[in-house]
Amino acid sequence: MLVFSWSLVTLLLVSSSWAEADVATLEDFSKELPVGQLLERANRDRTPDFDEPTLIGGDIAVKPGADRNADPCTSTGCLWLKNADGNVYIPYYIANHYSSREVAIITRGLESFSSVSCIRFRPYQNGDHEWLSIESKNGCYSFVGRQGGAQTVSLAQRGCLYHSTVQHELLHALGFNHEQTRSDRDSYIKVYWENIQDGMSYNFNIINTLNQGTPYDYNSVMQYEKYAFSKNNRPTMMPIPDPNVSFGQATQMSKNDIDRLNRLYKC
Ligand SMILES: [Zn+2]
């Protein structure tokens, strides 16, 4: 893989300008990184515009006055509606500032749901009342669940255009929270509060999540990695009882992510 990547770099350097090669190779090198690392990198030091929402948990958008400890899906109901044919059609609009390559990454993420669930993302049509507006804003983020009207899913061109990050933000929009905030989290993870950056401990608040009878999944695409929000390069969370199991390494939806989705929407 490394050999392939290097030859790709060489090819790009020879065949295109420095500017083009810079962007392309940066993306290619990091596409294998776990989703949590990609999200943290993309959202680190972000400077939101005045019209952008507040983020909690790293990449979850919240409306002003929202109860940050409640799961919006369980407290108010935020599931997308089911069609008579059993599928859940969710309109989306992709902003026109993306390149065709970027649109292809987003579209692949959208379409990855149809082969494993009854979720069908489809292009926005006149007359739709609620839809995902996929835009390159500052960072990667999404609201949790259906909000009504247009709801922004931000996939910044720099840092958020990976299969895993697209799936992660779409799972938020479908109603899911982070694995590390699951109601049964403390049975599976030890949180090292002393290693968390100042003011960031609310990212680890347990909420009443939609577990759907699925087990805690260390390699869910909704699980951040061990060093998430660390202030001292020491882990902020470790799996228990075995600290050596694979943790926070997902690069795509896991079987449990898919099971949870199918149960939530009764696919
Ligand atoms: Zn997230």
# chains A, B, ... in the order shown; residues from 1 in each chain; ligands from 1

$ select_by_dssp --residues "segment 50-252 of chain A" --states "strand (DSSP E or B)" --output "PyMOL selection string"
chain A and resi 54-56+60-62+88-94+119-123+130-135+140-143+149-155+189-191+196+230+237-239

$ residues_near_ligand --ligand "ligand 1" --cutoff "9 Å" --atoms "only C-alpha atoms and all ligand atoms" --output "tab-separated table (two decimals) with C-alpha atoms, in the first residue's frame"
chain	number	residue	atom	x	y	z
A	36	GLY	CA	-12.09	9.72	14.95
A	39	LEU	CA	-12.72	14.28	12.51
A	56	ILE	CA	-20.59	19.41	21.05
A	57	GLY	CA	-18.81	16.09	21.16
A	58	GLY	CA	-16.40	17.33	18.52
A	59	ASP	CA	-18.72	17.31	15.51
A	60	ILE	CA	-22.37	17.34	16.67
A	140	CYS	CA	-17.19	18.25	9.70
A	141	TYR	CA	-20.48	18.25	11.55
A	142	SER	CA	-24.14	17.30	11.52
A	165	THR	CA	-16.40	10.78	7.75
A	168	HIS	CA	-20.26	9.19	10.35
A	169	GLU	CA	-21.99	12.52	9.69
A	171	LEU	CA	-25.38	8.48	10.89
A	172	HIS	CA	-25.65	11.58	13.07
A	176	PHE	CA	-27.17	8.40	16.18
A	177	ASN	CA	-24.75	9.79	18.74
A	178	HIS	CA	-21.18	8.83	19.50
A	221	VAL	CA	-17.70	4.35	12.95
A	222	MET	CA	-19.26	6.47	15.73
A	223	GLN	CA	-16.46	5.69	18.21
A	224	TYR	CA	-13.64	8.21	18.68

$ select_by_dssp --residues "segment 134-225 of chain A" --states "helix (DSSP H, G or I)" --output "number ranges by chain"
A: 163-174, 179-181, 185-187, 193-195, 201-204

$ residues_around --residues "Val191 of chain A" --least-positions-apart "4" --cutoff "10 Å" --atoms "only C-alpha atoms" --output "JSON, numbers by chain"
{"A": [180, 185, 186, 195, 196, 201, 204, 226, 235, 236, 237, 238, 239, 240]}

$ residues_around --residues "segment 79-87 of chain A" --least-positions-apart "6" --cutoff "8 Å" --atoms "only C-alpha atoms" --output "count of residues only"
10

$ residues_around --residues "Asp184 of chain A" --least-positions-apart "3" --cutoff "8 Å" --atoms "only C-alpha atoms" --output "PyMOL selection string"
chain A and resi 187-188+216

$ write_last_selection --atoms "N, CA and C atoms" --output "tab-separated table (two decimals), in the first residue's frame"
chain	number	residue	atom	x	y	z
A	187	SER	N	-19.41	0.53	31.36
A	187	SER	CA	-19.13	-0.89	31.49
A	187	SER	C	-18.08	-1.36	30.49
A	188	TYR	N	-17.78	-0.52	29.51
A	188	TYR	CA	-16.88	-0.95	28.42
A	188	TYR	C	-15.65	-0.06	28.25
A	216	TYR	N	-22.01	-2.80	22.82
A	216	TYR	CA	-21.03	-1.71	22.68
A	216	TYR	C	-20.01	-2.15	21.63
